[in-house]
Amino acid sequence: MDVLPLIALVAGSAAIAGAARRTPVAAPLLLVAVGLGASYVPGVPHYTLDPHVVLPLVLPPLLYTAAVDSSYLDLRANIRPIALLSVGYVLFATVAVGWLVYLLVPDLPLTAALVLGAVVAPPDAVAATAIARKLGLPNRITTILQGESLVNDATAITAFKVALAAAVGAGASWAGGIGEFALASLGGIGVGLVLMVPLHWLRTHLTEALLQNTLSLLIPFLAYALAEYVGASGVLAVVVVALYLGHRSWQVDFATRLQEAAVWKMVAFVLESAVFALIGLQLSYVVRGLGEYGVGESLLYALGVFVVVVAVRFVWVYPATFVPRALFPGIREREPGTNWTAPLIVGWAGMRGVVSLAIAFSIPLTLEDGRPFPGRNLVLFLTFTTVIGTLVVQGLTLPPLIRLLKIPGRDRQAETLAEAQAQSEASGAAERRLDALLADERNALPPPLAERLRTVLERRRNAVWERLGAVNEVTGESADDTYRRLAREMIEAERAVFVELRDRRRIDDEMMRTLLRRLDLEEAAAYREEEG
């Protein structure tokens with residue numbers, strides 16, 4: 001097996017994603033653009049999206065890392081709009097897009113058009129999370145988009161199976177479709193509910209962070225595979241388990257949390273980068289497969305399908321936002337008010353992604369009677385152009401649209417104030433606990449050490465408040481920023497001495513690594529993690 005193309009894909013996509021961090025362009029958009037160009041460069045290996053790889057091996061970890069970082073409480077508070085989008089909209093889009101494409105494209109059977117409708121129905125979890133994170137959208141809009149993208153793949157995959165069964169002649173009915181949807185959804189949730197408690201118990205009872213993190217890496221694959229094995233939705237099983245584990249992550253020891261954060265950040269970065277590069281790299285393959293369809297004619301169909309997909313989302317989003325609020329006073333009382341701008345952002349943020357392409361590539365070549373699947377190459381091309389169109393057109397225009405509408409972003413000042421108040425309450429509880437412990441003669445400490453505990457506690461209490469205070473006129477830093485910078489400089493000086501002592505053979509490598517690890521932990525505590 002030649003692994004050089006795979007290494008080239010991972011290394012190249014990671015480099016491009018890293019470069020995107022220094023530009024105003026979101027990484028998914030730059031990766032897709034470079035992939036499009038690279039697909040026609042001589043010597044670039046031919047990459048294909050294999051659904052047998054993407055769905056069971058790439059989708060679970062991406063869903064897991066997105067769900068485990070989501071707020072279960074926020075998702076529960078917005079369950080109505082999330083359900084309307086992740087279930088109602090996907091089913092509506094499958095039928096509406098399929099019917100309109102059937103009218104738009106001559107000679108394309110309705111069953112094949114419905115297959116295309118199911119394929120392009122779900123907005124992408126990775127794209128939604130990446131774009132929302134980049135733009136700093138209001139918390140409720142971000143929660144709704146993330147919640148939709150976590151669940152809608154399960155709805156779309158089930159709708160695709162029903163439409164495909166009808167297209168290939170395997171037999172499908174409304175009753176059978178509803179039954180399959182119920183089995184997939186309830187079964188996936190059930191598998192997640194069965195797995196989440198024992199998996200959490202294992203995470204809290206394993207004594208080594210290394211074993212805990214190995215388990216963490218296996219969890220999404222285990223949940224997905226087990227659910228699919230029993231005919232249920234692997235997507236929903238992964239999401240249920242991840243939400244539960246994320247909600248209770250505080251019960252896992254600190255070493256595991258630190259390692260997990262680093263490991264999953266790396267996994268998500270590599271997979272997201274490779275996935276969006278792969279989308280762009282499909283261009284030459286998809287165009288070559290058009291066969292009897294001319295490129296010019298296919299592009300006209302592609303433009304029509306793109307417009308249909310975008311329009312159908314707005315046809316659903318606006319009534320789903322305002323009609324329930326008008327009909328049910330309880331909804332108006334429970335949920336915050338909104339205006340026309342929020343559904344406009346939600347409607348325009350419906351980027352499609354790798355799941356749509358992976359599903360499309362799983363369409364069989366032939367029907368049950370041996371005839372070629374009608375319009376398969378065109379369906380692949382239209383899926384590809386819809387994914388690219390939504391990522392590029394909507395992804396590039398979403399930031400200026402938000403600025404034009406003056407959508408307020410997250411209130412950083414209010415968030416910092418809430419953080420400071422929470423830290424103050426926690427520090428007060430810690431101080432009372434320390435006083436109680438020191439009053440017991442079994443916990444007697446020399447005064448300097450007891451004072452050090454109090455100093456560290458006071459430092460933690462004041463650090464957040466200082467971010468709200470005055471800024472150094474010379475450096476532009478807050479007192480907290482200056483403290484962390486000076487602490488880091490001191491630690492760096494110590495680190496250099498340890499390395500020099502090792503080089504002069506006064507200490508060995510093992511001792512140097514032990515000393516450096518202590519400094520690393522102190523630096524993490526003093527400087528904290530910077531969000532990239």
# chains A, B, ... in the order shown; residues from 1 in each chain; ligands from 1
call {"tool": "residues_around", "arguments": {"residues": "Asp253 in chain A", "least_positions_apart": "2", "cutoff": "12 Å", "atoms": "only C-alpha atoms", "output": "list in words"}}
result
Arg203, Thr204, His205, Leu206, Thr207, Glu208, Ala209, Leu210, Gln212, Asn213, Arg248, Ser249, Trp250, Gln251, Ala255, Thr256, Arg257, Leu258, Gln259 and Glu260 of chain A
call {"tool": "write_last_selection", "arguments": {"atoms": "N, CA and C atoms", "output": "compact mmCIF listing (two decimals), in the first residue's frame"}}
result
# COMPACT_ATOMS: atom_id res chain seq x y z
N ARG A 203 -14.15 5.65 32.39
CA ARG A 203 -13.29 6.84 32.33
C ARG A 203 -12.92 7.33 33.73
N THR A 204 -13.83 7.21 34.67
CA THR A 204 -13.56 7.71 36.01
C THR A 204 -12.84 6.69 36.89
N HIS A 205 -12.76 5.43 36.46
CA HIS A 205 -12.13 4.40 37.29
C HIS A 205 -10.79 3.92 36.74
N LEU A 206 -10.48 4.22 35.50
CA LEU A 206 -9.13 3.92 35.01
C LEU A 206 -8.15 4.84 35.71
N THR A 207 -7.03 4.31 36.15
CA THR A 207 -6.12 5.08 36.99
C THR A 207 -5.01 5.78 36.21
N GLU A 208 -4.85 5.44 34.94
CA GLU A 208 -3.79 6.05 34.15
C GLU A 208 -4.38 6.92 33.05
N ALA A 209 -3.85 8.14 32.95
CA ALA A 209 -4.35 9.06 31.93
C ALA A 209 -4.15 8.48 30.52
N LEU A 210 -3.07 7.72 30.34
CA LEU A 210 -2.80 7.13 29.03
C LEU A 210 -3.90 6.17 28.61
N GLN A 212 -6.97 6.15 29.85
CA GLN A 212 -8.20 6.92 29.72
C GLN A 212 -8.30 7.59 28.34
N ASN A 213 -7.18 8.09 27.85
CA ASN A 213 -7.20 8.75 26.56
C ASN A 213 -7.29 7.75 25.41
N ARG A 248 -20.29 15.62 31.83
CA ARG A 248 -19.73 15.12 33.10
C ARG A 248 -18.20 15.05 33.07
N SER A 249 -17.58 15.80 32.19
CA SER A 249 -16.12 15.73 32.08
C SER A 249 -15.42 16.21 33.35
N TRP A 250 -16.11 16.99 34.18
CA TRP A 250 -15.50 17.48 35.42
C TRP A 250 -15.22 16.34 36.40
N GLN A 251 -15.85 15.20 36.19
CA GLN A 251 -15.64 14.07 37.10
C GLN A 251 -14.40 13.25 36.76
N ALA A 255 -5.43 15.31 34.75
CA ALA A 255 -4.43 14.88 33.77
C ALA A 255 -5.12 14.38 32.50
N THR A 256 -6.21 13.65 32.68
CA THR A 256 -6.95 13.16 31.52
C THR A 256 -7.55 14.31 30.74
N ARG A 257 -8.14 15.27 31.45
CA ARG A 257 -8.74 16.41 30.75
C ARG A 257 -7.71 17.19 29.95
N LEU A 258 -6.53 17.41 30.54
CA LEU A 258 -5.49 18.14 29.83
C LEU A 258 -5.04 17.39 28.58
N GLN A 259 -4.80 16.09 28.74
CA GLN A 259 -4.34 15.30 27.60
C GLN A 259 -5.43 15.17 26.54
N GLU A 260 -6.67 14.94 26.98
CA GLU A 260 -7.78 14.80 26.03
C GLU A 260 -7.94 16.06 25.19
call {"tool": "residues_around", "arguments": {"residues": "Arg288 in chain A", "least_positions_apart": "6", "cutoff": "10 Å", "atoms": "only C-alpha atoms", "output": "list in words"}}
result
Val295, Asn377 and Phe381 of chain A
call {"tool": "closest_residue", "arguments": {"among": "A:Val230, A:Ala121, A:Ala358, A:Ala487", "to": "Tyr89 in chain A", "atoms": "only C-alpha atoms"}}
result
A:Ala121
call {"tool": "residues_around", "arguments": {"residues": "Leu49 in chain A", "least_positions_apart": "2", "cutoff": "9 Å", "atoms": "only C-alpha atoms", "output": "PyMOL selection string"}}
result
chain A and resi 47+51-54+278-279+282+354+357-358+361
call {"tool": "write_last_selection", "arguments": {"atoms": "N, CA and C atoms", "output": "compact mmCIF listing (two decimals), in the first residue's frame"}}
result
# COMPACT_ATOMS: atom_id res chain seq x y z
N TYR A 47 -7.35 11.23 -5.49
CA TYR A 47 -8.00 10.89 -4.22
C TYR A 47 -9.50 10.73 -4.46
N PRO A 51 -17.05 6.10 0.75
CA PRO A 51 -18.03 6.18 1.85
C PRO A 51 -17.78 5.14 2.92
N HIS A 52 -17.14 4.01 2.57
CA HIS A 52 -16.84 2.98 3.56
C HIS A 52 -15.71 3.41 4.49
N VAL A 53 -15.01 4.48 4.14
CA VAL A 53 -13.97 5.05 5.01
C VAL A 53 -14.49 6.29 5.72
N VAL A 54 -15.13 7.19 4.96
CA VAL A 54 -15.56 8.47 5.52
C VAL A 54 -16.62 8.28 6.59
N LEU A 278 -10.01 17.19 0.62
CA LEU A 278 -10.56 16.10 -0.19
C LEU A 278 -11.76 16.54 -1.02
N ILE A 279 -12.58 17.42 -0.44
CA ILE A 279 -13.74 17.91 -1.18
C ILE A 279 -13.28 18.58 -2.48
N GLN A 282 -11.93 16.39 -5.46
CA GLN A 282 -12.83 15.52 -6.23
C GLN A 282 -13.20 16.10 -7.59
N VAL A 354 -18.72 17.20 3.58
CA VAL A 354 -18.20 15.90 3.16
C VAL A 354 -19.22 14.79 3.29
N LEU A 357 -21.14 14.38 0.08
CA LEU A 357 -20.35 13.74 -0.96
C LEU A 357 -20.15 12.25 -0.69
N ALA A 358 -19.91 11.91 0.56
CA ALA A 358 -19.70 10.50 0.90
C ALA A 358 -20.96 9.69 0.63
N PHE A 361 -21.34 9.19 -3.16
CA PHE A 361 -20.44 8.19 -3.73
C PHE A 361 -20.88 6.76 -3.38
call {"tool": "atom_distance", "arguments": {"atom1": "CA of Pro61 in chain A", "atom2": "CA of Leu75 in chain A"}}
result
19.7 Å
call {"tool": "residues_around", "arguments": {"residues": "Ala20 in chain A", "least_positions_apart": "3", "cutoff": "12 Å", "atoms": "only C-alpha atoms", "output": "list in words"}}
result
Ser13, Ala14, Ala15, Ile16, Ala17, Thr23, Pro24, Val25, Ala26, Ala27, Pro28, Leu29, Leu30, Leu31, Val32, Ala33, Val34, Lys134, Ser273 and Gly532 of chain A
call {"tool": "write_last_selection", "arguments": {"atoms": "N, CA, C and O atoms", "output": "PDB file, in the first residue's frame"}}
result
ATOM      1  N   SER A  13      -2.681  19.553   3.708  1.00  0.00           N
ATOM      2  CA  SER A  13      -3.897  20.181   4.227  1.00  0.00           C
ATOM      3  C   SER A  13      -3.638  20.850   5.576  1.00  0.00           C
ATOM      4  O   SER A  13      -4.174  21.930   5.855  1.00  0.00           O
ATOM      5  N   ALA A  14      -2.794  20.236   6.410  1.00  0.00           N
ATOM      6  CA  ALA A  14      -2.470  20.858   7.699  1.00  0.00           C
ATOM      7  C   ALA A  14      -1.711  22.166   7.495  1.00  0.00           C
ATOM      8  O   ALA A  14      -1.959  23.165   8.192  1.00  0.00           O
ATOM      9  N   ALA A  15      -0.799  22.181   6.533  1.00  0.00           N
ATOM     10  CA  ALA A  15      -0.043  23.407   6.257  1.00  0.00           C
ATOM     11  C   ALA A  15      -0.962  24.520   5.768  1.00  0.00           C
ATOM     12  O   ALA A  15      -0.836  25.689   6.185  1.00  0.00           O
ATOM     13  N   ILE A  16      -1.895  24.179   4.893  1.00  0.00           N
ATOM     14  CA  ILE A  16      -2.823  25.183   4.371  1.00  0.00           C
ATOM     15  C   ILE A  16      -3.746  25.694   5.477  1.00  0.00           C
ATOM     16  O   ILE A  16      -4.004  26.891   5.590  1.00  0.00           O
ATOM     17  N   ALA A  17      -4.245  24.777   6.307  1.00  0.00           N
ATOM     18  CA  ALA A  17      -5.109  25.193   7.414  1.00  0.00           C
ATOM     19  C   ALA A  17      -4.348  26.076   8.398  1.00  0.00           C
ATOM     20  O   ALA A  17      -4.899  27.045   8.942  1.00  0.00           O
ATOM     21  N   THR A  23      -4.944  34.477   8.067  1.00  0.00           N
ATOM     22  CA  THR A  23      -5.685  35.239   7.058  1.00  0.00           C
ATOM     23  C   THR A  23      -7.120  35.420   7.541  1.00  0.00           C
ATOM     24  O   THR A  23      -7.581  34.702   8.435  1.00  0.00           O
ATOM     25  N   PRO A  24      -7.854  36.372   6.960  1.00  0.00           N
ATOM     26  CA  PRO A  24      -9.265  36.531   7.335  1.00  0.00           C
ATOM     27  C   PRO A  24     -10.176  35.462   6.741  1.00  0.00           C
ATOM     28  O   PRO A  24     -11.357  35.411   7.050  1.00  0.00           O
ATOM     29  N   VAL A  25      -9.635  34.589   5.883  1.00  0.00           N
ATOM     30  CA  VAL A  25     -10.436  33.552   5.230  1.00  0.00           C
ATOM     31  C   VAL A  25     -10.511  32.324   6.134  1.00  0.00           C
ATOM     32  O   VAL A  25      -9.498  31.869   6.663  1.00  0.00           O
ATOM     33  N   ALA A  26     -11.721  31.795   6.310  1.00  0.00           N
ATOM     34  CA  ALA A  26     -11.881  30.588   7.123  1.00  0.00           C
ATOM     35  C   ALA A  26     -11.139  29.422   6.468  1.00  0.00           C
ATOM     36  O   ALA A  26     -11.123  29.288   5.239  1.00  0.00           O
ATOM     37  N   ALA A  27     -10.533  28.583   7.298  1.00  0.00           N
ATOM     38  CA  ALA A  27      -9.726  27.467   6.794  1.00  0.00           C
ATOM     39  C   ALA A  27     -10.478  26.565   5.823  1.00  0.00           C
ATOM     40  O   ALA A  27      -9.921  26.155   4.795  1.00  0.00           O
ATOM     41  N   PRO A  28     -11.763  26.190   6.075  1.00  0.00           N
ATOM     42  CA  PRO A  28     -12.457  25.319   5.116  1.00  0.00           C
ATOM     43  C   PRO A  28     -12.497  25.897   3.709  1.00  0.00           C
ATOM     44  O   PRO A  28     -12.347  25.163   2.723  1.00  0.00           O
ATOM     45  N   LEU A  29     -12.682  27.199   3.597  1.00  0.00           N
ATOM     46  CA  LEU A  29     -12.782  27.809   2.274  1.00  0.00           C
ATOM     47  C   LEU A  29     -11.443  27.768   1.551  1.00  0.00           C
ATOM     48  O   LEU A  29     -11.385  27.456   0.353  1.00  0.00           O
ATOM     49  N   LEU A  30     -10.367  28.070   2.257  1.00  0.00           N
ATOM     50  CA  LEU A  30      -9.043  28.049   1.627  1.00  0.00           C
ATOM     51  C   LEU A  30      -8.658  26.629   1.225  1.00  0.00           C
ATOM     52  O   LEU A  30      -8.087  26.403   0.145  1.00  0.00           O
ATOM     53  N   LEU A  31      -8.978  25.660   2.074  1.00  0.00           N
ATOM     54  CA  LEU A  31      -8.652  24.266   1.770  1.00  0.00           C
ATOM     55  C   LEU A  31      -9.404  23.779   0.533  1.00  0.00           C
ATOM     56  O   LEU A  31      -8.836  23.098  -0.335  1.00  0.00           O
ATOM     57  N   VAL A  32     -10.678  24.122   0.430  1.00  0.00           N
ATOM     58  CA  VAL A  32     -11.461  23.720  -0.740  1.00  0.00           C
ATOM     59  C   VAL A  32     -10.903  24.371  -1.997  1.00  0.00           C
ATOM     60  O   VAL A  32     -10.757  23.721  -3.042  1.00  0.00           O
ATOM     61  N   ALA A  33     -10.561  25.662  -1.901  1.00  0.00           N
ATOM     62  CA  ALA A  33     -10.042  26.375  -3.078  1.00  0.00           C
ATOM     63  C   ALA A  33      -8.726  25.767  -3.551  1.00  0.00           C
ATOM     64  O   ALA A  33      -8.531  25.539  -4.752  1.00  0.00           O
ATOM     65  N   VAL A  34      -7.818  25.484  -2.628  1.00  0.00           N
ATOM     66  CA  VAL A  34      -6.542  24.880  -3.004  1.00  0.00           C
ATOM     67  C   VAL A  34      -6.761  23.483  -3.558  1.00  0.00           C
ATOM     68  O   VAL A  34      -6.124  23.071  -4.540  1.00  0.00           O
ATOM     69  N   LYS A 134     -15.309  30.912  13.735  1.00  0.00           N
ATOM     70  CA  LYS A 134     -14.525  31.985  13.123  1.00  0.00           C
ATOM     71  C   LYS A 134     -15.244  33.327  13.233  1.00  0.00           C
ATOM     72  O   LYS A 134     -14.618  34.367  13.454  1.00  0.00           O
ATOM     73  N   SER A 273      -9.034  19.382   8.299  1.00  0.00           N
ATOM     74  CA  SER A 273      -8.201  19.886   7.206  1.00  0.00           C
ATOM     75  C   SER A 273      -8.224  18.923   6.028  1.00  0.00           C
ATOM     76  O   SER A 273      -8.419  19.327   4.872  1.00  0.00           O
ATOM     77  N   GLY A 532      -6.276  29.459  20.036  1.00  0.00           N
ATOM     78  CA  GLY A 532      -5.706  29.785  18.743  1.00  0.00           C
ATOM     79  C   GLY A 532      -6.739  30.231  17.765  1.00  0.00           C
ATOM     80  O   GLY A 532      -7.905  30.056  17.935  1.00  0.00           O
TER      81      GLY A 532
END
call {"tool": "closest_residue", "arguments": {"among": "A:Pro324, A:Leu271, A:Leu195, A:Leu164", "to": "Leu84 in chain A", "atoms": "only C-alpha atoms"}}
result
A:Pro324
call {"tool": "atom_distance", "arguments": {"atom1": "CA of Arg442 in chain A", "atom2": "CA of Ala426 in chain A"}}
result
24.6 Å
call {"tool": "residues_around", "arguments": {"residues": "range 184-191 of chain A", "least_positions_apart": "5", "cutoff": "8 Å", "atoms": "only C-alpha atoms", "output": "ChimeraX atom specification"}}
result
/A:154-155,158,223,226-227,231-237,240
call {"tool": "residues_around", "arguments": {"residues": "range 512-528 of chain A", "least_positions_apart": "6", "cutoff": "12 Å", "atoms": "only C-alpha atoms", "output": "PDB file with C-alpha atoms, in the first residue's frame"}}
result
ATOM      1  CA  PHE A 254      -7.219  16.787  35.565  1.00  0.00           C
ATOM      2  CA  ALA A 255      -4.435  14.880  33.771  1.00  0.00           C
ATOM      3  CA  LEU A 258      -5.490  18.145  29.828  1.00  0.00           C
ATOM      4  CA  VAL A 456      -2.075  31.300  45.048  1.00  0.00           C
ATOM      5  CA  ARG A 459      -3.919  35.313  42.644  1.00  0.00           C
ATOM      6  CA  ARG A 460      -6.574  33.126  41.027  1.00  0.00           C
ATOM      7  CA  ALA A 463      -6.629  37.420  37.778  1.00  0.00           C
ATOM      8  CA  ASP A 480      -2.843  39.784  34.398  1.00  0.00           C
ATOM      9  CA  ASP A 481      -1.159  39.725  30.970  1.00  0.00           C
ATOM     10  CA  THR A 482       2.035  41.222  32.396  1.00  0.00           C
ATOM     11  CA  TYR A 483       2.059  38.729  35.269  1.00  0.00           C
ATOM     12  CA  ARG A 484       1.750  35.772  32.922  1.00  0.00           C
ATOM     13  CA  ARG A 485       4.439  37.136  30.600  1.00  0.00           C
ATOM     14  CA  LEU A 486       6.922  37.684  33.431  1.00  0.00           C
ATOM     15  CA  ALA A 487       6.156  34.246  34.885  1.00  0.00           C
ATOM     16  CA  ARG A 488       6.860  32.732  31.515  1.00  0.00           C
ATOM     17  CA  GLU A 489      10.150  34.605  31.165  1.00  0.00           C
ATOM     18  CA  MET A 490      11.286  33.356  34.598  1.00  0.00           C
ATOM     19  CA  ILE A 491      10.354  29.774  33.731  1.00  0.00           C
ATOM     20  CA  GLU A 492      12.192  30.082  30.410  1.00  0.00           C
ATOM     21  CA  ALA A 493      15.329  31.165  32.288  1.00  0.00           C
ATOM     22  CA  GLU A 494      15.085  28.098  34.535  1.00  0.00           C
ATOM     23  CA  ARG A 495      14.508  25.866  31.524  1.00  0.00           C
ATOM     24  CA  ALA A 496      17.662  27.146  29.820  1.00  0.00           C
ATOM     25  CA  VAL A 497      19.728  26.359  32.945  1.00  0.00           C
ATOM     26  CA  PHE A 498      18.426  22.782  33.091  1.00  0.00           C
ATOM     27  CA  VAL A 499      19.340  22.233  29.432  1.00  0.00           C
ATOM     28  CA  GLU A 500      22.799  23.716  29.982  1.00  0.00           C
ATOM     29  CA  LEU A 501      23.376  21.461  33.020  1.00  0.00           C
ATOM     30  CA  ARG A 502      22.375  18.458  30.912  1.00  0.00           C
ATOM     31  CA  ASP A 503      24.741  19.494  28.125  1.00  0.00           C
ATOM     32  CA  ARG A 504      27.569  19.826  30.669  1.00  0.00           C
ATOM     33  CA  ARG A 505      26.723  16.308  31.986  1.00  0.00           C
ATOM     34  CA  ARG A 506      25.939  17.570  35.487  1.00  0.00           C
TER      35      ARG A 506
END
call {"tool": "residues_around", "arguments": {"residues": "Val310 in chain A", "least_positions_apart": "5", "cutoff": "12 Å", "atoms": "only C-alpha atoms", "output": "ChimeraX atom specification"}}
result
/A:93,96-97,120-123,303-305,315-317,344,346-352,386-387,389-391,393-394
call {"tool": "select_by_dssp", "arguments": {"residues": "range 44-193 of chain A", "states": "helix (DSSP H, G or I)", "output": "PyMOL selection string"}}
result
chain A and resi 51-68+72-77+79-104+110-120+125-135+139-168+174-193
call {"tool": "atom_distance", "arguments": {"atom1": "CA of Leu222 in chain A", "atom2": "CA of Ala261 in chain A"}}
result
19.9 Å
